[in-house]
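Reading through the structure tokens given below for one structure.
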Amino acid sequence: MPPEELADLAHLRRARDLMDRDYAQPLDVPVMAQAALMSPSHFSRRFRAVYGETPYSYLMTRRIERAQALLRQGTSVTDTCFEVGCTSLGSFSSRFTEIVGETPSQYRSRDHTDLEVVPECAIKVMTRPRR
């Protein structure tokens, strides 16, 4: 692999780490591209080529993943929506339903006691949203 490609991967990883860490902050493609030291369009193309999804899709999946954990703890849907960085309850609910397969309210009301004996790191893998 040429050194330029390795540098690109390191920069993309930096942007992905930013999304993982600051998922609740208002992040848009220009902010993420700046973290990767790339133009927004180049960043979007490279991110999709490397990770198989758009930066926005990746960010929303991380937000939904964190929302699942909050809902399992009994946090209200509205509080969860805003805590994970979404600004619209309707958009949050639509995206959550699209990714998880049930509404946030249905997910919250489901019995999650079977996960209480499972280590948190394993729960994270088991409940990770799949696209």
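The way I read the labels, and the way they are meant: chains A, B, ... in the order of the structure tokens, residue 1 as the first residue of every chain, and ligand 1 as the first ligand shown, with later ones counted on from there.
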
| Non-local contacts of range 62-68 of chain A (9 Å; only C-alpha atoms; under 2 positions in same chain excluded) as a ChimeraX atom specification | /A:19-20,23-24,57-60,70-73,77,80-81,83-86,92,95-96,99-100,104,107-108,124,127-129

Write the residues you've just listed into a file as a PDB file, in the first residue's frame, and include N, CA and C atoms for each of them.
ATOM      1  N   MET A  19     -16.244  10.790  15.463  1.00  0.00           N
ATOM      2  CA  MET A  19     -17.668  10.424  15.480  1.00  0.00           C
ATOM      3  C   MET A  19     -17.985   9.487  16.637  1.00  0.00           C
ATOM      4  N   ASP A  20     -17.105   8.539  16.897  1.00  0.00           N
ATOM      5  CA  ASP A  20     -17.323   7.608  18.006  1.00  0.00           C
ATOM      6  C   ASP A  20     -17.310   8.327  19.352  1.00  0.00           C
ATOM      7  N   TYR A  23     -20.237  11.708  19.275  1.00  0.00           N
ATOM      8  CA  TYR A  23     -21.467  11.429  18.536  1.00  0.00           C
ATOM      9  C   TYR A  23     -22.626  12.334  18.932  1.00  0.00           C
ATOM     10  N   ALA A  24     -22.658  12.833  20.165  1.00  0.00           N
ATOM     11  CA  ALA A  24     -23.769  13.656  20.633  1.00  0.00           C
ATOM     12  C   ALA A  24     -23.595  15.127  20.257  1.00  0.00           C
ATOM     13  N   SER A  57     -24.280   8.182   7.729  1.00  0.00           N
ATOM     14  CA  SER A  57     -24.848   6.883   8.081  1.00  0.00           C
ATOM     15  C   SER A  57     -24.087   6.256   9.243  1.00  0.00           C
ATOM     16  N   TYR A  58     -22.767   6.348   9.211  1.00  0.00           N
ATOM     17  CA  TYR A  58     -21.947   5.814  10.300  1.00  0.00           C
ATOM     18  C   TYR A  58     -22.274   6.532  11.602  1.00  0.00           C
ATOM     19  N   LEU A  59     -22.348   7.861  11.545  1.00  0.00           N
ATOM     20  CA  LEU A  59     -22.646   8.650  12.737  1.00  0.00           C
ATOM     21  C   LEU A  59     -24.022   8.299  13.299  1.00  0.00           C
ATOM     22  N   MET A  60     -25.020   8.178  12.441  1.00  0.00           N
ATOM     23  CA  MET A  60     -26.364   7.845  12.923  1.00  0.00           C
ATOM     24  C   MET A  60     -26.399   6.437  13.525  1.00  0.00           C
ATOM     25  N   LEU A  70     -29.264   3.540  26.313  1.00  0.00           N
ATOM     26  CA  LEU A  70     -30.039   4.422  27.192  1.00  0.00           C
ATOM     27  C   LEU A  70     -31.469   3.919  27.358  1.00  0.00           C
ATOM     28  N   LEU A  71     -32.070   3.456  26.281  1.00  0.00           N
ATOM     29  CA  LEU A  71     -33.446   2.955  26.362  1.00  0.00           C
ATOM     30  C   LEU A  71     -33.525   1.682  27.207  1.00  0.00           C
ATOM     31  N   ARG A  72     -32.499   0.841  27.133  1.00  0.00           N
ATOM     32  CA  ARG A  72     -32.476  -0.364  27.983  1.00  0.00           C
ATOM     33  C   ARG A  72     -32.422   0.010  29.451  1.00  0.00           C
ATOM     34  N   GLN A  73     -31.823   1.166  29.763  1.00  0.00           N
ATOM     35  CA  GLN A  73     -31.733   1.625  31.154  1.00  0.00           C
ATOM     36  C   GLN A  73     -33.007   2.320  31.602  1.00  0.00           C
ATOM     37  N   VAL A  77     -37.796   8.214  25.697  1.00  0.00           N
ATOM     38  CA  VAL A  77     -37.443   8.332  24.284  1.00  0.00           C
ATOM     39  C   VAL A  77     -37.009   9.764  23.970  1.00  0.00           C
ATOM     40  N   THR A  80     -33.592  10.460  25.459  1.00  0.00           N
ATOM     41  CA  THR A  80     -32.608   9.692  24.703  1.00  0.00           C
ATOM     42  C   THR A  80     -32.293  10.382  23.383  1.00  0.00           C
ATOM     43  N   CYS A  81     -33.329  10.818  22.697  1.00  0.00           N
ATOM     44  CA  CYS A  81     -33.168  11.490  21.412  1.00  0.00           C
ATOM     45  C   CYS A  81     -32.187  12.648  21.533  1.00  0.00           C
ATOM     46  N   GLU A  83     -30.138  13.339  24.045  1.00  0.00           N
ATOM     47  CA  GLU A  83     -28.857  12.971  24.667  1.00  0.00           C
ATOM     48  C   GLU A  83     -27.863  12.400  23.656  1.00  0.00           C
ATOM     49  N   VAL A  84     -28.367  11.751  22.616  1.00  0.00           N
ATOM     50  CA  VAL A  84     -27.462  11.192  21.611  1.00  0.00           C
ATOM     51  C   VAL A  84     -27.166  12.160  20.471  1.00  0.00           C
ATOM     52  N   GLY A  85     -27.688  13.387  20.575  1.00  0.00           N
ATOM     53  CA  GLY A  85     -27.336  14.404  19.595  1.00  0.00           C
ATOM     54  C   GLY A  85     -28.329  14.633  18.485  1.00  0.00           C
ATOM     55  N   CYS A  86     -29.480  13.997  18.537  1.00  0.00           N
ATOM     56  CA  CYS A  86     -30.505  14.243  17.523  1.00  0.00           C
ATOM     57  C   CYS A  86     -31.322  15.460  17.938  1.00  0.00           C
ATOM     58  N   PHE A  92     -35.393  11.034  14.633  1.00  0.00           N
ATOM     59  CA  PHE A  92     -34.746  10.028  15.476  1.00  0.00           C
ATOM     60  C   PHE A  92     -35.558   8.734  15.478  1.00  0.00           C
ATOM     61  N   ARG A  95     -35.388   6.936  12.062  1.00  0.00           N
ATOM     62  CA  ARG A  95     -34.094   6.292  11.828  1.00  0.00           C
ATOM     63  C   ARG A  95     -33.904   5.097  12.764  1.00  0.00           C
ATOM     64  N   PHE A  96     -34.309   5.238  14.028  1.00  0.00           N
ATOM     65  CA  PHE A  96     -34.207   4.141  14.991  1.00  0.00           C
ATOM     66  C   PHE A  96     -35.004   2.943  14.479  1.00  0.00           C
ATOM     67  N   ILE A  99     -33.313   1.227  11.494  1.00  0.00           N
ATOM     68  CA  ILE A  99     -32.092   0.477  11.805  1.00  0.00           C
ATOM     69  C   ILE A  99     -32.357  -0.709  12.730  1.00  0.00           C
ATOM     70  N   VAL A 100     -33.182  -0.502  13.770  1.00  0.00           N
ATOM     71  CA  VAL A 100     -33.391  -1.534  14.795  1.00  0.00           C
ATOM     72  C   VAL A 100     -34.540  -2.469  14.438  1.00  0.00           C
ATOM     73  N   PRO A 104     -38.559   3.216  19.051  1.00  0.00           N
ATOM     74  CA  PRO A 104     -37.848   3.380  20.322  1.00  0.00           C
ATOM     75  C   PRO A 104     -38.719   3.006  21.524  1.00  0.00           C
ATOM     76  N   TYR A 107     -38.865  -0.755  21.757  1.00  0.00           N
ATOM     77  CA  TYR A 107     -37.573  -1.256  22.228  1.00  0.00           C
ATOM     78  C   TYR A 107     -37.416  -1.010  23.721  1.00  0.00           C
ATOM     79  N   ARG A 108     -37.793   0.165  24.171  1.00  0.00           N
ATOM     80  CA  ARG A 108     -37.670   0.529  25.590  1.00  0.00           C
ATOM     81  C   ARG A 108     -38.554  -0.357  26.459  1.00  0.00           C
ATOM     82  N   LYS A 124     -22.604  -4.695  23.807  1.00  0.00           N
ATOM     83  CA  LYS A 124     -22.336  -3.719  22.758  1.00  0.00           C
ATOM     84  C   LYS A 124     -22.221  -4.407  21.400  1.00  0.00           C
ATOM     85  N   THR A 127     -25.834  -6.117  20.427  1.00  0.00           N
ATOM     86  CA  THR A 127     -26.929  -5.212  20.088  1.00  0.00           C
ATOM     87  C   THR A 127     -26.534  -4.165  19.064  1.00  0.00           C
ATOM     88  N   ARG A 128     -25.325  -4.240  18.548  1.00  0.00           N
ATOM     89  CA  ARG A 128     -24.881  -3.255  17.548  1.00  0.00           C
ATOM     90  C   ARG A 128     -25.807  -3.293  16.349  1.00  0.00           C
ATOM     91  N   PRO A 129     -26.327  -2.135  15.963  1.00  0.00           N
ATOM     92  CA  PRO A 129     -27.208  -2.078  14.794  1.00  0.00           C
ATOM     93  C   PRO A 129     -26.481  -2.525  13.532  1.00  0.00           C
TER      94      PRO A 129
END

| task | Can you pull out every residue within 12 Å of range 46-51 of chain A, counting only C-alpha atoms, but drop anything in the same chain fewer than 6 positions away, and send it as a ChimeraX atom specification? | result | /A:5-6,8-16,29,32-33,36,38-40,57-59

| query | How would you write, as a PyMOL selection string, the set of residues in range 3-119 of chain A that DSSP gives as helix (DSSP H, G or I)? | reply | chain A and resi 3-21+29-35+40-51+55-72+77-83+89-100+104-109+113-115

| field | Point-to-point distance in Å for CA of Val31 in chain A and CA of Glu4 in chain A | value | 21.8 Å

| request: Rounded to one decimal place, report the CA of Ser44 in chain A-CA of Tyr56 in chain A distance in Å. | output: 9.1 Å

| When you draw a straight line from CA of His42 in chain A to CA of Pro3 in chain A, how long is it in Å? |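 Atom-to-atom, CA of His42 in chain A and CA of Pro3 in chain A are spaced 17.6 Å apart.
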
| query | Pick from A:Ser88, A:Asp111, A:Asp79, A:Pro55: nearest to Pro30 in chain A, with only C-alpha atoms counted? | reply | A:Pro55
